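Below: the structure, in structure tokens.
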Amino acid sequence: MKIILENLTKKFPNRNKKEKSEVIAVNNFSFEIEDGKLLGLLGPSGCGKSTVLNLISGLEKPTSGRIFFGDDDVTNLPPENREVGLVFQNYALYPHLTVRENIRFPLENLRGNRKLTKDQMEQKVLEAARLVQIESLLDRKPSEMSGGQQQRVAIARALVKKPRVLLLDEPLSNLDARLRLQTREELKRIQLETGITTIFVTHDQEEAMSICDSIVVMKDGSIMQHGAPQDVYDSPENLFVAKFLGSPQINVFEGQIKDGFVYIEKDRVIELKDITSFDKKQGAPDGNVFVAVRPEGFITVSDPGDDPIILRCSFDKMEVMGRDTSIICHNPAAGSAVIRAIIPSEDRPVIMGSEVCFKLKPSKVHVFYTE
């Protein structure tokens with residue numbers, strides 16, 4: 001089921017009575033989700049992700065804009081008629097019901113020509129349980145299950161009605177790190193098997209990038225960027241997106257463009273035309289810029305000699321992390337107290353003295369004019 005959002009806006013009354021302006025939770029939101037795809041809504045807390053989900057499900061009514069499921073305008077359709085499956089962050093299972101009864105509950109509320117017999121409901125419950133691999137747990141109560149198992153029950157309950165759209169509101173945030181990894185892989189498997197168009201809300205960029213076909217990065221109710229996860233990571237359109245995606249966070253320096261080169265402090269660090277993500281069609285006027293370098297974008301240079309293109313930093317320490325080594329250093333032009341450069345452990349340099357020198361990988365450098 002294709003989903004189209006057209007100029008979707010949601011405003012709430014301001015709790016502060018002295019402030020007459022309304023709070024804009026979703027601001028002129030427009031994008032299209034292809035049929036059968038998994039889209040991630042990604043952004044910091046309070047950016048409007050869950051509000052978008054509530055608008056799509058019908059739990060909230062938009063202030064303006066339209067919502068389409070395929071060719072059907074569902075903007076004013078009641079939630080119970082939208083055929084949407086919704087999975088909450090806190091599972092929301094009925095503690096006094098068994099797993100079987102929890103999954104069956106949505107089927108018991110069907111009316112008219114959609115009403116099912118007991119045998120039909122049992123068959124659908126078994127199908128949903130097999131899909132999430134909990135068929136052996138159907139007679140347990142939620143209190144007798146782990147967090148990951150409870151989350152599977154919540155997903156099965158959302159899928160049992162064969163919804164047109166599946167909405168997941170931070171479904172993994174209550175799980176420990178190992179279980180989150182396992183469950184997100186299961187979510188991708190389930191989505192591929194069912195082919196249901198799915199929207200996955202999270203503030204964890206690693207989750208979104210690992211399982212989503214495309215992502216929407218949000219800030220203050222607005223879309224900052226929309227695209228395939230790797231494309232957004234490799235070519236961020238603004239500094240917010242560059243800083244939000246990536247762990248460890250991208251390193252940001254104050255710099256200048258002069259005569260086709262990028263400078264940080266007095267160091268000429270890279271030629272502008274070599275930077276993969278820079279839009280060369282706009283030209284390259286001289287001016288102040290933010291230079292953002294991914295942690296994996298540094299190459300250590302043991303003896304820079306008279307190399308005219310080099311970044312010099314003050315060395316602090318080295319952290320060996322098995323596969324990689326993290327070089328911690330600082331630079332007066334950096335926007336944070338430390339710079340973190342990630343180097344493969346087999347290339348770990350021997351650093352003598354208080355200075356470390358780097359070459360920058362052009363594909364891992366992003367330049368944004370400060371204005």
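Following the order of the structure tokens, chains are lettered A, B, ..., residues in each are numbered from 1, and ligands are numbered from 1.
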* To do: List every residue of segment 85-249 of chain A that DSSP, applied to the backbone of this structure, places in helix (DSSP H, G or I), and write the result as an MDAnalysis selection string.
  => chainID A and resid 99:108 112:114 118:131 135:137 142:144 147:159 177:194 205:211 229:234 239:244
* Test item: residues at most 12 Å from Leu159 of chain A, only C-alpha atoms, excluding those fewer than 4 positions along its chain, as number ranges by chain -> A: 83-87, 103-107, 124-132, 152-155, 163-168, 187, 190-191, 193-198
* Given the choices A:Arg312, A:Lys18, A:Arg340, A:Arg189, which gets closest to Asn251 of chain A if the distance is worked out from only C-alpha atoms? ->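 With only C-alpha atoms as the atom set, the closest residue is A:Arg340.
Proximity of A:Asn16, A:Asn81, A:Ser45, A:Ser345 to Ser57 of chain A, computed with only C-alpha atoms, is greatest for A:Asn81.
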* **Nearest-residue call for Phe31 of chain A, choices A:Asn113, A:Asn7, A:Asn331, A:Asn90, using only C-alpha atoms** =>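 Checking each of A:Asn113, A:Asn7, A:Asn331, A:Asn90 against Phe31 of chain A, counting only C-alpha atoms, the winner is A:Asn7.
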* To do: Extract, using only C-alpha atoms, all DNA, RNA and protein residues at most 12 Å from Ser21 of chain A, discarding same-chain residues fewer than 5 positions from it, and format them as an NGL selection string.
  => :A and (11-16)
* Which of segment 114-325 of chain A DSSP labels strand (DSSP E or B), written as an MDAnalysis selection string -> chainID A and resid 165:169 197:202 214:219 222:227 251:258 261:264 267:271 287:293 298:301 311:321 324:325
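Between atom CA of Ser214 of chain A and atom CA of Leu38 of chain A there is a distance of 6.9 Å.
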* May I have the residues within 7 Å of Ile342 of chain A as a list of chain:residue names, using only C-alpha atoms and disregarding those fewer than 4 positions away in the same chain? =>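 Skipping anything fewer than 4 positions along the chain leaves A:Pro295, A:Glu296, A:Asp324, A:Thr325, A:Ser326, A:Ile327.
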* Residue neighbourhood Leu138 of chain A, 9 Å, only C-alpha atoms, exclusion window fewer than 2 positions, as an NGL selection string -> :A and (98-101 or 126 or 129 or 134-136 or 140-141)
* Neighbours of Glu355 of chain A within 7 Å (only C-alpha atoms; same-chain residues fewer than 5 positions away dropped), as a list of chain:residue names? ->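 So, after excluding close chain neighbours, the residues are A:Arg312, A:Cys313, A:Ser314, A:Phe315.
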* Pairwise distance for atom CA of Ser50 of chain A and atom CA of Asn27 of chain A, rounded to one decimal in Å -> 13.5 Å
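The nearest approach to His366 of chain A among the residues A:Glu32, A:Asp303, A:Asp274, A:Asp316, with only C-alpha atoms taken into account, belongs to A:Asp274.
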Selection near Gly48 of chain A, 6 Å with only C-alpha atoms, sequence-local residues under 5 positions removed, as a tab-separated table (two decimals) with N, CA, C and O atoms, in the first residue's frame:
```tsv
chain	number	residue	atom	x	y	z
A	25	ALA	N	3.94	20.87	15.72
A	25	ALA	CA	4.59	19.57	15.91
A	25	ALA	C	5.03	18.97	14.58
A	25	ALA	O	6.06	18.30	14.50
A	26	VAL	N	4.21	19.17	13.53
A	26	VAL	CA	4.54	18.70	12.18
A	26	VAL	C	4.30	19.87	11.24
A	26	VAL	O	3.24	20.48	11.25
A	221	GLY	N	9.76	19.22	13.54
A	221	GLY	CA	8.57	18.98	12.75
A	221	GLY	C	8.75	19.05	11.25
A	221	GLY	O	7.79	18.87	10.50
```
* Of the listed residues A:Ala158, A:Ile250, A:Ala284, A:Leu93, that which approaches Ile339 of chain A most closely, counting only C-alpha atoms ->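 Of A:Ala158, A:Ile250, A:Ala284, A:Leu93, the one nearest Ile339 of chain A is A:Ile250, counting only C-alpha atoms.
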* Compare A:Val160, A:Ala292, A:Ile264, A:Ile215 by their minimum atom-to-atom distance to Phe240 of chain A, counting only C-alpha atoms, and give me the closest one. => A:Ala292
